[in-house]
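Structure file entry.txt; described as compact mmCIF, C-alpha atoms and all ligand atoms.
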```txt
# COMPACT_ATOMS: atom_id res chain seq x y z
CA MET A 1 -17.55 -63.47 15.23
CA ASP A 2 -20.10 -61.66 13.07
CA ARG A 3 -23.40 -63.36 12.40
CA LYS A 4 -24.05 -62.36 8.81
CA TYR A 5 -26.61 -65.05 8.08
CA VAL A 6 -29.57 -66.80 9.63
CA THR A 7 -28.38 -70.38 9.12
CA GLU A 8 -31.12 -72.70 7.84
CA LYS A 9 -31.17 -76.22 9.28
CA VAL A 10 -32.39 -78.45 6.48
CA LEU A 11 -33.19 -82.16 6.77
CA ALA A 12 -31.57 -84.27 4.03
CA ASP A 13 -34.79 -85.47 2.38
CA ALA A 14 -35.65 -84.78 -1.27
CA ALA A 15 -36.91 -81.27 -0.47
CA GLY A 16 -33.81 -80.52 1.62
CA ILE A 17 -31.45 -81.72 -1.11
CA ALA A 18 -33.28 -79.53 -3.64
CA ARG A 19 -33.05 -76.55 -1.27
CA ALA A 20 -29.31 -77.11 -0.75
CA ALA A 21 -28.73 -77.25 -4.51
CA GLU A 22 -30.80 -74.09 -4.97
CA ILE A 23 -28.74 -72.17 -2.39
CA LEU A 24 -25.48 -73.41 -3.92
CA ARG A 25 -26.61 -72.49 -7.44
CA ALA A 26 -27.32 -68.96 -6.22
CA GLY A 27 -23.75 -68.71 -4.88
CA GLY A 28 -24.50 -69.50 -1.22
CA LEU A 29 -22.71 -71.63 1.37
CA VAL A 30 -24.11 -74.96 2.54
CA ALA A 31 -22.56 -77.39 5.02
CA VAL A 32 -23.06 -80.79 3.43
CA PRO A 33 -22.66 -84.32 4.79
CA THR A 34 -19.91 -86.47 3.29
CA GLU A 35 -18.65 -89.87 4.37
CA THR A 36 -15.46 -88.26 5.74
CA VAL A 37 -16.51 -85.09 7.60
CA TYR A 38 -19.09 -82.34 6.92
CA GLY A 39 -17.89 -80.07 4.12
CA LEU A 40 -18.58 -76.37 3.59
CA ALA A 41 -19.66 -76.24 -0.06
CA ALA A 42 -19.76 -73.40 -2.59
CA ARG A 43 -19.95 -73.60 -6.37
CA ALA A 44 -16.43 -73.97 -7.67
CA ASP A 45 -16.85 -71.67 -10.66
CA SER A 46 -17.78 -68.57 -8.66
CA GLU A 47 -15.11 -66.35 -7.09
CA GLU A 48 -17.72 -64.59 -4.92
CA ALA A 49 -19.10 -67.89 -3.62
CA VAL A 50 -15.68 -69.41 -2.88
CA ALA A 51 -14.51 -66.19 -1.20
CA GLN A 52 -17.34 -66.70 1.28
CA ILE A 53 -15.84 -70.06 2.31
CA PHE A 54 -12.56 -68.41 3.27
CA ALA A 55 -14.43 -65.62 5.09
CA ALA A 56 -16.75 -67.95 7.03
CA LYS A 57 -13.92 -70.26 8.14
CA GLY A 58 -11.30 -67.56 8.70
CA ARG A 59 -9.16 -69.68 6.37
CA PRO A 60 -5.92 -68.23 4.98
CA SER A 61 -6.19 -67.56 1.26
CA PHE A 62 -3.00 -69.45 0.33
CA ASN A 63 -4.59 -72.70 1.47
CA PRO A 64 -6.08 -74.49 -1.58
CA LEU A 65 -9.43 -76.34 -1.55
CA ILE A 66 -10.61 -79.73 -2.78
CA VAL A 67 -13.12 -79.71 -5.63
CA HIS A 68 -15.90 -82.28 -5.26
CA VAL A 69 -17.25 -83.83 -8.45
CA SER A 70 -20.16 -86.13 -9.21
CA ASP A 71 -18.05 -88.57 -11.27
CA ALA A 72 -14.77 -89.07 -13.13
CA ASP A 73 -16.19 -87.35 -16.24
CA GLN A 74 -16.76 -84.15 -14.29
CA ALA A 75 -13.18 -84.45 -12.98
CA ARG A 76 -11.88 -84.94 -16.52
CA ALA A 77 -13.24 -81.51 -17.47
CA LEU A 78 -11.02 -79.93 -14.79
CA VAL A 79 -7.81 -81.97 -14.62
CA ALA A 80 -5.67 -84.30 -16.75
CA MET A 81 -6.93 -87.76 -15.78
CA GLU A 82 -3.89 -89.80 -16.82
CA PRO A 83 -4.13 -93.63 -16.79
CA ARG A 84 -3.11 -93.98 -13.13
CA ALA A 85 -5.76 -91.41 -12.14
CA LEU A 86 -8.43 -93.22 -14.12
CA ALA A 87 -7.46 -96.51 -12.50
CA LEU A 88 -7.58 -95.00 -9.01
CA ALA A 89 -10.91 -93.32 -9.74
CA ASP A 90 -12.26 -96.59 -11.04
CA ARG A 91 -11.20 -98.41 -7.88
CA PHE A 92 -11.83 -95.84 -5.13
CA TRP A 93 -14.50 -93.41 -6.40
CA PRO A 94 -16.96 -92.62 -5.10
CA GLY A 95 -14.96 -92.63 -1.87
CA PRO A 96 -12.47 -90.94 0.47
CA LEU A 97 -9.58 -90.48 -1.98
CA THR A 98 -8.52 -87.03 -3.23
CA LEU A 99 -6.30 -86.82 -6.33
CA VAL A 100 -3.99 -83.87 -6.98
CA LEU A 101 -3.55 -83.63 -10.77
CA PRO A 102 -2.42 -81.14 -13.44
CA ARG A 103 -5.17 -78.57 -13.91
CA HIS A 104 -6.52 -77.75 -17.37
CA GLU A 105 -5.79 -74.13 -18.15
CA ASN A 106 -9.44 -73.48 -19.02
CA ALA A 107 -10.86 -75.43 -16.05
CA ALA A 108 -14.04 -73.74 -14.79
CA VAL A 109 -12.80 -73.18 -11.25
CA THR A 110 -12.01 -69.89 -9.62
CA SER A 111 -8.35 -69.20 -8.79
CA SER A 112 -8.72 -69.02 -5.01
CA ILE A 113 -9.47 -72.78 -5.07
CA HIS A 114 -6.04 -73.69 -6.40
CA ALA A 115 -4.19 -70.68 -4.99
CA GLY A 116 -2.31 -70.32 -8.27
CA LEU A 117 -0.87 -73.86 -8.26
CA PRO A 118 -0.70 -75.66 -11.63
CA THR A 119 -2.56 -78.55 -9.98
CA LEU A 120 -6.06 -79.09 -8.63
CA ALA A 121 -7.31 -81.46 -5.93
CA VAL A 122 -10.42 -83.44 -6.95
CA ARG A 123 -12.59 -86.00 -5.17
CA CYS A 124 -15.83 -87.83 -5.88
CA PRO A 125 -17.54 -88.32 -2.50
CA ALA A 126 -19.57 -91.43 -1.65
CA HIS A 127 -22.23 -90.07 0.72
CA PRO A 128 -25.61 -90.54 -1.01
CA VAL A 129 -26.87 -87.12 0.12
CA MET A 130 -23.75 -85.32 -1.14
CA ARG A 131 -24.00 -87.26 -4.41
CA ALA A 132 -27.62 -86.23 -4.78
CA VAL A 133 -26.70 -82.58 -4.24
CA LEU A 134 -23.88 -82.78 -6.82
CA ASP A 135 -26.15 -84.52 -9.34
CA GLU A 136 -28.89 -81.96 -8.90
CA LEU A 137 -26.49 -79.00 -9.06
CA ALA A 138 -24.46 -80.39 -12.00
CA ILE A 139 -21.60 -78.02 -11.07
CA PRO A 140 -18.53 -79.06 -9.02
CA VAL A 141 -18.26 -77.56 -5.54
CA ALA A 142 -15.28 -76.56 -3.42
CA ALA A 143 -15.71 -77.99 0.07
CA PRO A 144 -13.20 -77.84 2.93
CA SER A 145 -14.25 -79.08 6.36
CA ALA A 146 -17.23 -77.14 7.73
CA ASN A 147 -15.55 -75.65 10.79
CA ALA A 148 -13.70 -72.48 11.72
CA SER A 149 -10.05 -72.68 10.67
CA GLU A 150 -7.79 -74.65 13.04
CA THR A 151 -10.66 -76.09 15.11
CA VAL A 152 -11.66 -79.77 15.39
CA SER A 153 -13.33 -81.07 12.20
CA PRO A 154 -17.12 -81.61 12.23
CA THR A 155 -18.74 -85.03 11.94
CA THR A 156 -22.26 -83.89 12.91
CA PRO A 157 -24.49 -80.88 12.08
CA GLU A 158 -24.11 -79.81 15.73
CA HIS A 159 -20.33 -79.64 15.32
CA VAL A 160 -20.82 -77.48 12.23
CA LEU A 161 -23.11 -75.07 14.05
CA ALA A 162 -20.71 -74.85 17.00
CA THR A 163 -18.37 -72.65 14.95
CA LEU A 164 -20.34 -71.62 11.82
CA ASP A 165 -23.88 -70.83 13.01
CA GLY A 166 -24.74 -67.40 11.59
CA ARG A 167 -21.79 -67.54 9.17
CA ILE A 168 -23.26 -69.82 6.46
CA ASP A 169 -26.59 -70.10 4.63
CA ALA A 170 -27.55 -73.63 5.62
CA VAL A 171 -26.55 -76.98 7.03
CA LEU A 172 -27.93 -80.14 5.43
CA ASP A 173 -28.53 -82.62 8.24
CA ALA A 174 -27.87 -86.31 7.49
CA GLY A 175 -26.65 -87.34 10.94
CA ALA A 176 -23.11 -88.41 11.78
CA SER A 177 -20.40 -88.96 9.13
CA GLU A 178 -19.52 -92.63 8.75
CA ARG A 179 -15.74 -92.53 8.22
CA GLY A 180 -14.98 -89.56 10.43
CA LEU A 181 -11.54 -88.72 9.00
CA GLU A 182 -10.68 -86.43 6.09
CA SER A 183 -9.92 -88.05 2.74
CA THR A 184 -6.55 -89.52 1.84
CA ILE A 185 -4.76 -87.08 -0.53
CA VAL A 186 -2.44 -88.41 -3.25
CA ALA A 187 -0.48 -86.30 -5.75
CA LEU A 188 0.33 -88.00 -9.04
CA ARG A 189 3.46 -86.47 -10.55
CA GLN A 190 3.97 -86.02 -14.27
CA ASP A 191 7.34 -87.81 -13.98
CA GLY A 192 5.51 -90.98 -12.94
CA GLY A 193 6.10 -90.56 -9.19
CA TRP A 194 3.47 -89.98 -6.58
CA SER A 195 3.23 -88.81 -2.99
CA LEU A 196 0.87 -89.26 -0.11
CA LEU A 197 0.04 -85.70 0.99
CA ARG A 198 -2.39 -86.63 3.75
CA GLU A 199 -3.04 -89.95 5.52
CA GLY A 200 -6.68 -90.94 5.60
CA PRO A 201 -9.19 -93.76 5.32
CA ILE A 202 -7.37 -95.32 2.33
CA GLY A 203 -4.02 -96.45 3.71
CA ARG A 204 -0.52 -96.29 2.25
CA GLU A 205 -0.33 -100.09 1.73
CA ILE A 206 -3.41 -100.04 -0.47
CA LEU A 207 -1.99 -97.17 -2.54
CA GLU A 208 1.39 -98.87 -2.89
CA ASP A 209 -0.44 -101.93 -4.09
CA ALA A 210 -2.13 -99.81 -6.77
CA LEU A 211 0.76 -97.45 -7.67
CA GLY A 212 4.02 -99.13 -6.64
CA SER A 213 6.19 -97.75 -3.85
CA GLU A 214 5.84 -94.06 -3.12
CA ALA A 215 8.38 -91.93 -4.97
CA SER A 216 8.20 -88.20 -5.06
CA ASN A 217 10.39 -85.92 -7.11
CA GLY A 218 10.75 -83.92 -3.92
CA ARG A 219 8.99 -80.76 -5.02
CA GLY A 220 6.98 -80.05 -1.92
CA ILE A 221 3.32 -79.37 -2.50
CA GLU A 222 1.67 -77.61 0.37
CA ALA A 223 -1.20 -79.44 2.00
CA PRO A 224 -2.84 -77.74 4.97
CA GLY A 225 -3.70 -81.12 6.45
CA GLN A 226 0.07 -81.60 6.66
CA MET A 227 0.65 -78.62 8.88
CA ARG A 228 2.02 -79.43 12.25
CA ARG A 229 -0.77 -77.83 14.26
CA HIS A 230 -4.29 -78.54 13.04
CA TYR A 231 -7.53 -79.98 14.35
CA ALA A 232 -6.87 -78.09 17.60
CA PRO A 233 -9.27 -78.77 20.49
CA GLY A 234 -8.21 -75.56 22.32
CA LYS A 235 -6.71 -77.39 25.33
CA PRO A 236 -3.37 -79.12 25.95
CA LEU A 237 -3.51 -82.71 24.73
CA ARG A 238 -1.31 -85.58 25.98
CA LEU A 239 -0.78 -88.64 23.78
CA ASN A 240 -0.26 -92.31 24.70
CA ALA A 241 -1.89 -91.90 28.13
CA ARG A 242 -2.48 -95.04 30.21
CA ASN A 243 -4.65 -93.20 32.74
CA ALA A 244 -5.99 -89.74 33.56
CA GLU A 245 -3.86 -87.38 35.61
CA PRO A 246 -5.69 -84.78 37.75
CA GLY A 247 -7.49 -82.26 35.53
CA GLU A 248 -7.42 -84.48 32.47
CA PHE A 249 -10.37 -85.68 30.38
CA LEU A 250 -9.28 -89.11 29.19
CA ILE A 251 -10.26 -90.42 25.75
CA GLY A 252 -9.94 -94.19 25.99
CA PHE A 253 -9.28 -96.96 23.49
CA GLY A 254 -9.58 -100.73 23.98
CA ALA A 255 -8.81 -101.77 27.55
CA ILE A 256 -8.16 -98.15 28.62
CA GLU A 257 -11.65 -96.91 29.46
CA GLY A 258 -11.50 -93.14 29.87
CA ASP A 259 -14.32 -90.59 30.24
CA VAL A 260 -15.35 -91.55 26.71
CA THR A 261 -13.83 -94.15 24.40
CA LEU A 262 -12.79 -94.18 20.74
CA SER A 263 -13.65 -97.88 20.67
CA ALA A 264 -14.16 -100.14 23.67
CA THR A 265 -13.38 -103.17 21.50
CA GLY A 266 -10.18 -101.64 20.11
CA ASP A 267 -11.56 -101.31 16.55
CA VAL A 268 -9.56 -98.66 14.63
CA ASN A 269 -12.36 -98.04 12.11
CA GLU A 270 -14.79 -97.27 14.91
CA ALA A 271 -12.08 -95.09 16.49
CA ALA A 272 -11.72 -93.11 13.25
CA SER A 273 -15.44 -92.48 13.03
CA ARG A 274 -15.58 -91.34 16.69
CA LEU A 275 -12.31 -89.37 16.91
CA TYR A 276 -13.66 -85.86 16.29
CA ALA A 277 -16.81 -86.44 18.34
CA CYS A 278 -14.59 -87.46 21.29
CA LEU A 279 -12.38 -84.39 20.80
CA HIS A 280 -15.48 -82.17 20.71
CA LEU A 281 -16.69 -83.73 23.99
CA ALA A 282 -13.26 -83.28 25.54
CA ALA A 283 -13.15 -79.64 24.43
CA ALA A 284 -16.60 -78.99 25.94
CA SER A 285 -15.85 -80.73 29.26
CA ASP A 286 -14.94 -78.82 32.43
CA LYS A 287 -11.49 -80.46 32.53
CA PRO A 288 -8.64 -78.12 31.52
CA ARG A 289 -6.58 -80.79 29.75
CA ILE A 290 -7.09 -83.80 27.47
CA ALA A 291 -5.31 -87.16 27.42
CA VAL A 292 -5.70 -89.87 24.77
CA ALA A 293 -4.94 -93.59 25.11
CA PRO A 294 -2.52 -95.14 22.59
CA VAL A 295 -3.99 -96.14 19.22
CA PRO A 296 -2.11 -98.77 17.17
CA GLU A 297 -0.26 -97.53 14.07
CA ASP A 298 -1.86 -100.04 11.71
CA ALA A 299 -4.22 -99.27 8.82
CA VAL A 300 -6.40 -96.23 9.58
CA GLY A 301 -4.70 -96.04 13.00
CA ARG A 302 -1.85 -94.17 11.29
CA ALA A 303 -4.26 -91.50 10.07
CA ILE A 304 -5.78 -91.24 13.57
CA ASN A 305 -2.34 -90.77 15.13
CA ASP A 306 -1.46 -88.20 12.46
CA ARG A 307 -4.53 -86.12 13.45
CA LEU A 308 -3.84 -86.58 17.18
CA ARG A 309 -0.22 -85.41 16.85
CA ARG A 310 -1.40 -82.26 15.08
CA ALA A 311 -4.13 -81.70 17.67
CA ALA A 312 -1.40 -81.97 20.36
CA ALA A 313 1.02 -79.55 18.68
CA PRO A 314 1.55 -76.38 20.71
CA ARG A 315 -0.04 -73.08 19.73
CA GLY A 316 2.15 -70.98 17.43
CA GLY A 317 3.79 -74.13 16.11
CA ASN A 318 2.58 -73.52 12.55
CA GLN A 319 4.49 -71.45 10.10
CA ARG A 320 1.24 -71.27 8.23
CA SER A 321 -2.16 -71.96 9.57
CA GLY A 322 -4.77 -74.15 7.99
CA SER A 323 -8.20 -75.56 8.34
P1 LIG A 401 -9.30 -79.33 3.72
O1 LIG A 401 -10.22 -78.81 2.68
O2 LIG A 401 -9.12 -78.42 4.88
O3 LIG A 401 -9.58 -80.76 4.08
O4 LIG A 401 -7.89 -79.36 3.04
C1 LIG A 401 -7.77 -79.55 1.68
C2 LIG A 401 -6.56 -80.32 1.44
O5 LIG A 401 -6.29 -80.47 0.05
C3 LIG A 401 -5.37 -79.64 1.98
O6 LIG A 401 -4.49 -80.55 2.56
C4 LIG A 401 -4.79 -78.95 0.75
O7 LIG A 401 -3.46 -78.55 0.81
C5 LIG A 401 -4.98 -80.01 -0.23
N1 LIG A 401 -4.91 -79.46 -1.55
C6 LIG A 401 -5.87 -78.82 -2.20
N2 LIG A 401 -5.45 -78.46 -3.42
C7 LIG A 401 -4.17 -78.88 -3.53
C8 LIG A 401 -3.20 -78.83 -4.55
N3 LIG A 401 -3.45 -78.25 -5.72
N4 LIG A 401 -2.00 -79.35 -4.30
C9 LIG A 401 -1.76 -79.96 -3.12
N5 LIG A 401 -2.64 -80.06 -2.12
C10 LIG A 401 -3.84 -79.52 -2.32
MG MG A 402 -10.23 -78.80 7.61
```

Entire entry expressed as structure tokens:
Amino acid sequence: MDRKYVTEKVLADAAGIARAAEILRAGGLVAVPTETVYGLAARADSEEAVAQIFAAKGRPSFNPLIVHVSDADQARALVAMEPRALALADRFWPGPLTLVLPRHENAAVTSSIHAGLPTLAVRCPAHPVMRAVLDELAIPVAAPSANASETVSPTTPEHVLATLDGRIDAVLDAGASERGLESTIVALRQDGGWSLLREGPIGREILEDALGSEASNGRGIEAPGQMRRHYAPGKPLRLNARNAEPGEFLIGFGAIEGDVTLSATGDVNEAASRLYACLHLAAASDKPRIAVAPVPEDAVGRAINDRLRRAAAPRGGNQRSGS
């Protein structure tokens, strides 16, 4: 791939946060730490800036982006925050919950973010460094995961540089992401229904507790995270493995040890935070194939299994490709 940029590596201290905000204000691209994964940020009101995200990632243009806001007031300027949205924001923001809501016609976001949909996806992230950048910038940013389209998501600056070095202006280094899985995405329908578009750190039970049982009016909204093949490590991946077959790099869990482990104690939250790091190690190993031990389907385990199934899906399995 072309190396258009000399990518600055910036430490996330006060000077680094100011530098990141300065680059973003000027329309540049900065990989920023969030509590879920590293995001590739650009100011949401600039078509030129957002176009650079799609170019750097090799992301298809029909695939809409999440807008990251500093608080619910900033979201309110972009989307209709109906009572359920306000209640969810009150309970889960800042945090790993993305809301898909009707977009105001005059919302100051460029059209490639929403790909022409009448809705917009908004999230208020919790990571203190990301919050400091958003506060300093005072403009919402679009930020998909900071990796080349279809590759494993980044939870460290090193993961970001593995596919985007020379393709972005800077990476703001705040160490490893705590949660390690992309945000839960919920669409609130105008008819009072809702749907879970992407599993994530906030589980279905918690949402049903807040919103009642999931009911969608069936009008499919496209979410790239829902595509069958995604998060691809570039090698065949076998699920529910009890041991390694010849040529396999085994990712363990609980009593199944493996070459690396998601969590030796069988803790699904630890497994979520380590999932992409383990997939990056497996991809970089000299073994031609990957196997992963079973992970229980409870709580965030469902989101982990969702990502693993997509990582295991065969090449060419997507009608559309995402990132
Ligand atoms: P990514 O940025 O790669 O984590 O993916 C962004 C996620 O947000 C994808 O699953 C998108 O489809 C989803 N998304 C963004 N905007 C919308 C929208 N207006 N309607 C439905 N899903 C959306
Ligand atoms: Mg992504």

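Ranking A:Pro83, A:Gly301, A:Arg307, A:Pro236 by their shortest atom-to-atom distance to ligand MG 402 (chain A), with all atoms listed in the file included, puts A:Arg307 first.
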
Given only C-alpha atoms as the counted atoms, nearest of A:Asp259, A:Asp209, A:Glu178, A:Asp267 to Leu279 in chain A: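 For Leu279 in chain A, the nearest of the given residues is A:Asp259.
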
Six-sided padding of 5 Å per side, axis-aligned box over ligand LIG 401 (chain A), centre and edges in Å, one decimal, as AutoDock Vina command-line options:
```
--center_x -6.0 --center_y -79.5 --center_z -0.4 --size_x 18.5 --size_y 12.5 --size_z 20.6
```

Applying 7 Å and all atoms listed in the file, which residues near Ala146 in chain A remain after dropping the ones on its own chain fewer than 3 positions away? List them as a list in words.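 Contacts, in chain order: Ala31, Tyr38, Gly39, Leu40, Pro154 and Val160 of chain A.
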
From the options A:Leu65, A:Val109, A:Val295, A:Ala272, which residue's atoms come nearest to ligand MG 402 (chain A), counting all atoms listed in the file?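 Distance minimum relative to ligand MG 402 (chain A) lands on A:Leu65.
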
Fewer than 6 positions away in the same chain doesn't count, so skip those; otherwise give me all residues within 8 Å of Leu181 in chain A, counting all atoms listed in the file, as a list in words.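 Final neighbour list, sorted by chain and number: Thr36, Val37, Gly200, Pro201, Ala272, Ser273, Leu275, Ala303 and Ile304 of chain A.
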
For Asp165 in chain A, please output as an mmCIF file with C-alpha atoms, keeping the file's coordinate frame all residues within 10 Å (counting only C-alpha atoms; exclusion window: fewer than 4 positions along the same chain).
```
data_model
loop_
_atom_site.group_PDB
_atom_site.id
_atom_site.type_symbol
_atom_site.label_atom_id
_atom_site.label_comp_id
_atom_site.auth_asym_id
_atom_site.auth_seq_id
_atom_site.Cartn_x
_atom_site.Cartn_y
_atom_site.Cartn_z
ATOM 1 C CA MET A 1 -17.550 -63.470 15.230
ATOM 2 C CA ASP A 2 -20.100 -61.660 13.070
ATOM 3 C CA ARG A 3 -23.400 -63.360 12.400
ATOM 4 C CA LYS A 4 -24.050 -62.360 8.810
ATOM 5 C CA TYR A 5 -26.610 -65.050 8.080
ATOM 6 C CA VAL A 6 -29.570 -66.800 9.630
ATOM 7 C CA THR A 7 -28.380 -70.380 9.120
ATOM 8 C CA GLU A 8 -31.120 -72.700 7.840
ATOM 9 C CA LYS A 9 -31.170 -76.220 9.280
ATOM 10 C CA ALA A 56 -16.750 -67.950 7.030
ATOM 11 C CA ASN A 147 -15.550 -75.650 10.790
ATOM 12 C CA GLU A 158 -24.110 -79.810 15.730
ATOM 13 C CA HIS A 159 -20.330 -79.640 15.320
ATOM 14 C CA VAL A 160 -20.820 -77.480 12.230
ATOM 15 C CA LEU A 161 -23.110 -75.070 14.050
ATOM 16 C CA ASP A 169 -26.590 -70.100 4.630
ATOM 17 C CA ALA A 170 -27.550 -73.630 5.620
ATOM 18 C CA VAL A 171 -26.550 -76.980 7.030
#
```

Compare A:Ala107, A:Val122, A:Leu101, A:Val152 by their minimum atom-to-atom distance to ligand MG 402 (chain A), counting all atoms listed in the file, and give me the closest one. A:Val152

The residues within 8 Å of (-25.3, -81.1, -5.2), using only C-alpha atoms and the coordinates of the file, should be reported as a PyMOL selection string; which are they? chain A and resi 17+20-21+24+130-139+141

List every residue of chain A that has an atom at most 12 Å from any atom of ligand MG 402 (chain A), giving for each one its closest atom pair and the distance in Å to one decimal, counting only C-alpha atoms and all ligand atoms, sorted by chain and then by ascending residue number, as a tab-separated table.
```
residue	atom	partner	partner_atom	distance
A:Thr36	CA	A:MG402	MG	11.0
A:Val37	CA	A:MG402	MG	8.9
A:Tyr38	CA	A:MG402	MG	9.6
A:Gly39	CA	A:MG402	MG	8.5
A:Leu40	CA	A:MG402	MG	9.6
A:Ile53	CA	A:MG402	MG	11.7
A:Phe54	CA	A:MG402	MG	11.5
A:Lys57	CA	A:MG402	MG	9.3
A:Gly58	CA	A:MG402	MG	11.3
A:Arg59	CA	A:MG402	MG	9.3
A:Pro60	CA	A:MG402	MG	11.7
A:Asn63	CA	A:MG402	MG	10.3
A:Pro64	CA	A:MG402	MG	11.0
A:Leu65	CA	A:MG402	MG	9.5
A:Ile66	CA	A:MG402	MG	10.4
A:Ala143	CA	A:MG402	MG	9.4
A:Pro144	CA	A:MG402	MG	5.6
A:Ser145	CA	A:MG402	MG	4.2
A:Ala146	CA	A:MG402	MG	7.2
A:Asn147	CA	A:MG402	MG	7.0
A:Ala148	CA	A:MG402	MG	8.3
A:Ser149	CA	A:MG402	MG	6.8
A:Glu150	CA	A:MG402	MG	7.3
A:Thr151	CA	A:MG402	MG	8.0
A:Val152	CA	A:MG402	MG	8.0
A:Ser153	CA	A:MG402	MG	6.0
A:Pro154	CA	A:MG402	MG	8.8
A:Thr155	CA	A:MG402	MG	11.4
A:Val160	CA	A:MG402	MG	11.6
A:Leu181	CA	A:MG402	MG	10.1
A:Glu182	CA	A:MG402	MG	7.8
A:Ser183	CA	A:MG402	MG	10.5
A:Arg198	CA	A:MG402	MG	11.7
A:Ala223	CA	A:MG402	MG	10.7
A:Pro224	CA	A:MG402	MG	7.9
A:Gly225	CA	A:MG402	MG	7.0
A:Gln226	CA	A:MG402	MG	10.7
A:Met227	CA	A:MG402	MG	11.0
A:Arg229	CA	A:MG402	MG	11.6
A:His230	CA	A:MG402	MG	8.1
A:Tyr231	CA	A:MG402	MG	7.4
A:Ala232	CA	A:MG402	MG	10.6
A:Tyr276	CA	A:MG402	MG	11.7
A:Arg307	CA	A:MG402	MG	11.0
A:Ser321	CA	A:MG402	MG	10.8
A:Gly322	CA	A:MG402	MG	7.2
A:Ser323	CA	A:MG402	MG	3.9
```

From the options A:Cys278, A:Ala115, A:Ala271, A:Ala284, which residue's atoms come nearest to Lys235 in chain A, counting only C-alpha atoms?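 Among the listed residues, A:Ala284 lies closest to Lys235 in chain A.
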
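CA of Ala277 in chain A is positioned 21.1 Å from CA of Pro314 in chain A.
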
Work out how far CA of Pro296 in chain A is from CA of Arg309 in chain A, in Å to one decimal.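 Calculated distance between CA of Arg309 in chain A and CA of Pro296 in chain A is 13.5 Å.
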
Between A:Glu208, A:Glu199, A:Asp298, A:Asp191, smallest distance to ligand LIG 401 (chain A) by only C-alpha atoms and all ligand atoms belongs to A:Glu199

Å distance separating CA of Ser177 in chain A from CA of Arg76 in chain A, one decimal place: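 According to the coordinates, CA of Ser177 in chain A and CA of Arg76 in chain A are separated by 27.3 Å.
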
Find the residues around range 86-93 of chain A up to 12 Å (all atoms listed in the file counted), leave out those fewer than 3 positions away in its own chain, and share them as a ChimeraX atom specification. /A:68-76,79-83,96-101,122-127,131,183-188,201-203,206-211

Please identify all polymer residues within 8 Å of Gly266 in chain A, counting all atoms listed in the file, omitting same-chain residues fewer than 5 positions from it, and present them as a list in words. Phe253, Gly254, Ala255 and Ala271 of chain A
